[in-house]
Amino acid sequence: MNYVYLDNGATSFPKAPGVAQSMSDYILNVGTNVNRGAYSASYEAENTLYETRELICQLFNFNKPENVIFTKNVTESLNVLIKGLLKGGDHVVVSSMEHNAVMRPLNALGENIEYTKVKCSNLGELDIKDFENSLKPNTKAVVMTHASNVCGTILDLENVGKICKEKGIYFIIDSAQTAGFLDIDFNKLSADALGFTGHKSLLGPQGIGGFVINDSIVDEMNTFIEGGTGSLSDTEVQPDYMPDKFEAGTLNIPGIYGLNTSLKYILKEGLVSIREKELKLLDKFIQDIYNIKNIEIIGKKTLDKRTGILSLDFTNNDNGIISHELSKNFGIMTRCGMHCAPSAHKTLGTFPRGTVRFGISHFNTLEEIEYTVNSINTIINK
């Protein structure tokens, strides 16, 4: 049986070349903490952490390495940003395509804050005029995904950012589906903070993510957790300077070593090259799927303003059974269901049925796409 991994929207596999080796090298040959010891191994780890902050800056066109904060994933990053910034009486604007990494923290704040969910089209596209109409005098922040994890549609965040900047509203971006795929310019997007995760298109390990943040928003935010930083150890109050303000406790240093390697791979390979490979495979997938009856492509049917995710609804079949048979009988790994984004599925018209999601990587091949389409054909025509 062939094995084809098409669940890269959830987590990437394989990882970038050298990721496992760099993590192993840290554990076997370095192994120390950072900011806790005055010896060479600790300095080596500290240098790698700082270099990784610089690589993130290079990736996002951001210029303050000390304002790159490490967390365990983009969900934690969004929790830090949302719960640290918002206070009672604040209003927030989100899109109807948001992942639960945005919606659950907002709902956890309860009646302390209110939010408006801007309705997107059934292709996942944001209406800028509706967005503008959703803003209120007490709107404190806009929090939006850069691209849908369900259908791959890229939202028009550049215009959103311009409006936020004009009106003095903080703009927070969830780049879970775009970091490592799109050229993301933090300044061009007029962002105040951007959360990222290492284990998706950044091709790093699970358990490492973070956010970049402008000084303008730092002073507005409360800390999420407090504890040891290796700095100001003579006081029992959390430091208020960066990155220590938001990095209490021991970081996932093996994960940062892995992320360091994957970032170097991406920057060397080039985002344009990676994106072109993924979209070429996606185009092949879309064109071949058109020839099969009783399958609906959810979201955009073209390559315009979309990532390498393709969600399908098998209208005459149970999507869960299709996904299970693809795995069991053909070795094709997909993600079926609601994808932790019920609001997006309601927008796209696939709630509560869900979809079968195929997440393409530039490591996939045309032969794997052809095999997948043939396998789908076999299942629905048996």
# chains A, B, ... in the order shown; residues from 1 in each chain; ligands from 1
>>> residues_around(residues="region 53-69 of chain A", least_positions_apart="5", cutoff="8 Å", atoms="only C-alpha atoms", output="ChimeraX atom specification")
/A:183-187,210-215,242-243,246-247,260,263-264,267
>>> closest_atom_pairs(of="region 164-254 of chain A", to="region 143-156 of chain A", cutoff="7 Å", atoms="only C-alpha atoms", output="JSON lines")
{"residue": "A:Phe171", "atom": "CA", "partner": "A:Val143", "partner_atom": "CA", "distance": 6.2}
{"residue": "A:Ile172", "atom": "CA", "partner": "A:Val143", "partner_atom": "CA", "distance": 4.7}
{"residue": "A:Ile173", "atom": "CA", "partner": "A:Met144", "partner_atom": "CA", "distance": 5.3}
{"residue": "A:Asp174", "atom": "CA", "partner": "A:Thr145", "partner_atom": "CA", "distance": 4.5}
{"residue": "A:Ser175", "atom": "CA", "partner": "A:His146", "partner_atom": "CA", "distance": 5.4}
{"residue": "A:Gln177", "atom": "CA", "partner": "A:Ala147", "partner_atom": "CA", "distance": 5.9}
{"residue": "A:Thr178", "atom": "CA", "partner": "A:Ala147", "partner_atom": "CA", "distance": 6.5}
>>> residues_around(residues="region 221-224 of chain A", least_positions_apart="2", cutoff="7 Å", atoms="only C-alpha atoms", output="list of chain:residue names")
A:Val80, A:Gly84, A:Leu85, A:Ile217, A:Val218, A:Asp219, A:Glu226, A:Lys245, A:Phe246
>>> write_last_selection(atoms="C-alpha atoms", output="short mmCIF file (atom, residue, chain, number, x, y, z; two decimals), in the first residue's frame")
data_model
loop_
_atom_site.label_atom_id
_atom_site.label_comp_id
_atom_site.auth_asym_id
_atom_site.auth_seq_id
_atom_site.Cartn_x
_atom_site.Cartn_y
_atom_site.Cartn_z
CA VAL A 80 -1.62 35.64 25.65
CA GLY A 84 -3.52 40.23 28.06
CA LEU A 85 -4.92 43.11 26.02
CA ILE A 217 0.89 47.33 22.39
CA VAL A 218 3.32 45.87 24.95
CA ASP A 219 2.58 48.42 27.68
CA GLU A 226 4.73 34.97 35.69
CA LYS A 245 7.76 40.05 30.30
CA PHE A 246 6.10 37.19 28.41
#
>>> closest_atom_pairs(of="region 15-40 of chain A", to="region 206-209 of chain A", cutoff="12 Å", atoms="only C-alpha atoms", output="CSV")
residue,atom,partner,partner_atom,distance
A:Lys15,CA,A:Gln206,CA,10.2
A:Val19,CA,A:Gln206,CA,11.4
A:Ala20,CA,A:Gln206,CA,11.7
A:Met23,CA,A:Gln206,CA,11.9
>>> residues_around(residues="region 314-321 of chain A", least_positions_apart="3", cutoff="12 Å", atoms="only C-alpha atoms", output="ChimeraX atom specification")
/A:289,292-298,311,324-329,334-338,350,352-357,376-377,379-381
>>> write_last_selection(atoms="C-alpha atoms", output="tab-separated table (two decimals), in the first residue's frame")
chain	number	residue	atom	x	y	z
A	289	ILE	CA	-11.68	16.51	-8.99
A	292	ILE	CA	-15.85	13.32	-10.52
A	293	LYS	CA	-19.58	13.62	-9.79
A	294	ASN	CA	-21.08	14.18	-6.32
A	295	ILE	CA	-18.08	16.05	-4.94
A	296	GLU	CA	-18.28	19.72	-4.03
A	297	ILE	CA	-15.17	21.86	-3.69
A	298	ILE	CA	-15.68	24.10	-0.67
A	311	SER	CA	-11.80	20.87	1.43
A	324	HIS	CA	-11.65	6.50	6.92
A	325	GLU	CA	-11.59	4.46	3.70
A	326	LEU	CA	-8.91	6.68	2.20
A	327	SER	CA	-6.74	5.91	5.20
A	328	LYS	CA	-7.59	2.27	5.74
A	329	ASN	CA	-7.62	1.04	2.16
A	334	THR	CA	-6.60	13.52	5.64
A	335	ARG	CA	-8.56	15.47	8.24
A	336	CYS	CA	-12.34	15.07	8.40
A	337	GLY	CA	-14.89	16.98	10.43
A	338	MET	CA	-15.19	20.53	11.75
A	350	THR	CA	-20.89	22.78	5.65
A	352	PRO	CA	-22.59	20.36	10.91
A	353	ARG	CA	-21.62	17.94	8.15
A	354	GLY	CA	-18.03	19.11	7.91
A	355	THR	CA	-15.64	18.31	5.09
A	356	VAL	CA	-12.71	16.12	4.18
A	357	ARG	CA	-9.68	18.37	4.16
A	376	ILE	CA	-11.40	8.80	-4.39
A	377	ASN	CA	-12.84	7.64	-7.70
A	379	ILE	CA	-14.30	4.60	-3.31
A	380	ILE	CA	-17.32	6.53	-4.59
A	381	ASN	CA	-17.88	4.30	-7.61
>>> closest_atom_pairs(of="region 3-52 of chain A", to="region 201-205 of chain A", cutoff="9 Å", atoms="only C-alpha atoms", output="JSON lines")
{"residue": "A:Asn8", "atom": "CA", "partner": "A:Ser201", "partner_atom": "CA", "distance": 7.6}
{"residue": "A:Gly9", "atom": "CA", "partner": "A:Ser201", "partner_atom": "CA", "distance": 8.1}
{"residue": "A:Thr11", "atom": "CA", "partner": "A:Ser201", "partner_atom": "CA", "distance": 7.7}
{"residue": "A:Ser12", "atom": "CA", "partner": "A:Leu203", "partner_atom": "CA", "distance": 5.8}
{"residue": "A:Phe13", "atom": "CA", "partner": "A:Leu203", "partner_atom": "CA", "distance": 7.5}
{"residue": "A:Pro14", "atom": "CA", "partner": "A:Leu203", "partner_atom": "CA", "distance": 7.7}
{"residue": "A:Lys15", "atom": "CA", "partner": "A:Leu203", "partner_atom": "CA", "distance": 4.9}
{"residue": "A:Ala16", "atom": "CA", "partner": "A:Leu203", "partner_atom": "CA", "distance": 5.3}
{"residue": "A:Val19", "atom": "CA", "partner": "A:Gly204", "partner_atom": "CA", "distance": 6.7}
{"residue": "A:Ala20", "atom": "CA", "partner": "A:Pro205", "partner_atom": "CA", "distance": 8.4}
>>> atom_distance(atom1="CA of His91 (chain A)", atom2="CA of Asn107 (chain A)")
12.4 Å
>>> select_by_dssp(residues="region 284-327 of chain A", states="strand (DSSP E)", output="PyMOL selection string")
chain A and resi 295-298+309-314
>>> write_last_selection(atoms="N, CA and C atoms", output="PDB file, in the first residue's frame")
ATOM      1  N   ILE A 295     -19.087  15.462  -5.814  1.00  0.00           N
ATOM      2  CA  ILE A 295     -18.077  16.051  -4.942  1.00  0.00           C
ATOM      3  C   ILE A 295     -18.145  17.563  -5.112  1.00  0.00           C
ATOM      4  N   GLU A 296     -18.253  18.259  -3.987  1.00  0.00           N
ATOM      5  CA  GLU A 296     -18.279  19.717  -4.034  1.00  0.00           C
ATOM      6  C   GLU A 296     -16.992  20.275  -3.440  1.00  0.00           C
ATOM      7  N   ILE A 297     -16.333  21.140  -4.199  1.00  0.00           N
ATOM      8  CA  ILE A 297     -15.168  21.858  -3.687  1.00  0.00           C
ATOM      9  C   ILE A 297     -15.668  23.016  -2.841  1.00  0.00           C
ATOM     10  N   ILE A 298     -15.219  23.071  -1.596  1.00  0.00           N
ATOM     11  CA  ILE A 298     -15.683  24.098  -0.672  1.00  0.00           C
ATOM     12  C   ILE A 298     -14.739  25.295  -0.724  1.00  0.00           C
ATOM     13  N   ILE A 309      -4.694  24.283   0.787  1.00  0.00           N
ATOM     14  CA  ILE A 309      -5.706  23.434   1.430  1.00  0.00           C
ATOM     15  C   ILE A 309      -6.896  23.259   0.490  1.00  0.00           C
ATOM     16  N   LEU A 310      -7.392  22.039   0.398  1.00  0.00           N
ATOM     17  CA  LEU A 310      -8.588  21.762  -0.393  1.00  0.00           C
ATOM     18  C   LEU A 310      -9.572  20.972   0.451  1.00  0.00           C
ATOM     19  N   SER A 311     -10.751  21.547   0.689  1.00  0.00           N
ATOM     20  CA  SER A 311     -11.804  20.868   1.434  1.00  0.00           C
ATOM     21  C   SER A 311     -12.876  20.376   0.473  1.00  0.00           C
ATOM     22  N   LEU A 312     -13.254  19.111   0.615  1.00  0.00           N
ATOM     23  CA  LEU A 312     -14.260  18.504  -0.246  1.00  0.00           C
ATOM     24  C   LEU A 312     -15.439  18.000   0.579  1.00  0.00           C
ATOM     25  N   ASP A 313     -16.619  18.144  -0.002  1.00  0.00           N
ATOM     26  CA  ASP A 313     -17.840  17.582   0.574  1.00  0.00           C
ATOM     27  C   ASP A 313     -18.341  16.502  -0.381  1.00  0.00           C
ATOM     28  N   PHE A 314     -18.366  15.269   0.089  1.00  0.00           N
ATOM     29  CA  PHE A 314     -18.840  14.136  -0.720  1.00  0.00           C
ATOM     30  C   PHE A 314     -20.348  14.042  -0.512  1.00  0.00           C
TER      31      PHE A 314
END
>>> residues_around(residues="Ala141 (chain A)", least_positions_apart="3", cutoff="7 Å", atoms="only C-alpha atoms", output="number ranges by chain")
A: 92-93, 169-171
>>> write_last_selection(atoms="C-alpha atoms", output="PDB file, in the first residue's frame")
ATOM      1  CA  VAL A  92     -13.404  43.249  19.405  1.00  0.00           C
ATOM      2  CA  VAL A  93     -13.970  42.496  15.727  1.00  0.00           C
ATOM      3  CA  ILE A 169      -7.336  50.075  16.735  1.00  0.00           C
ATOM      4  CA  TYR A 170      -4.937  47.263  17.617  1.00  0.00           C
ATOM      5  CA  PHE A 171      -4.603  44.623  14.912  1.00  0.00           C
TER       6      PHE A 171
END
>>> closest_residue(among="A:Ile332, A:Ala45, A:Cys120, A:Cys340", to="Tyr371 (chain A)", atoms="only C-alpha atoms")
A:Ile332
>>> residues_around(residues="Thr302 (chain A)", least_positions_apart="3", cutoff="10 Å", atoms="only C-alpha atoms", output="PDB file with C-alpha atoms, in the first residue's frame")
ATOM      1  CA  LEU A 279      -0.189  25.591  -5.855  1.00  0.00           C
ATOM      2  CA  LEU A 282      -3.346  22.019  -5.814  1.00  0.00           C
ATOM      3  CA  ASP A 283      -4.209  23.031  -9.385  1.00  0.00           C
ATOM      4  CA  ILE A 286      -8.752  20.731  -8.424  1.00  0.00           C
ATOM      5  CA  GLN A 287      -8.769  20.036 -12.164  1.00  0.00           C
ATOM      6  CA  GLY A 299     -14.503  27.673  -1.077  1.00  0.00           C
ATOM      7  CA  LYS A 305      -5.857  34.207  -2.986  1.00  0.00           C
ATOM      8  CA  ARG A 306      -5.761  30.762  -1.433  1.00  0.00           C
TER       9      ARG A 306
END
>>> select_by_dssp(residues="region 265-302 of chain A", states="helix (DSSP H, G or I)", output="list in words")
Tyr265, Ile266, Leu267, Lys268, Glu269, Leu271, Val272, Ser273, Ile274, Arg275, Glu276, Lys277, Glu278, Leu279, Lys280, Leu281, Leu282, Asp283, Lys284, Phe285, Ile286, Gln287, Asp288 and Ile289 of chain A
>>> closest_residue(among="A:Pro254, A:Asn73, A:Ser375, A:Lys167", to="Leu28 (chain A)", atoms="only C-alpha atoms")
A:Pro254
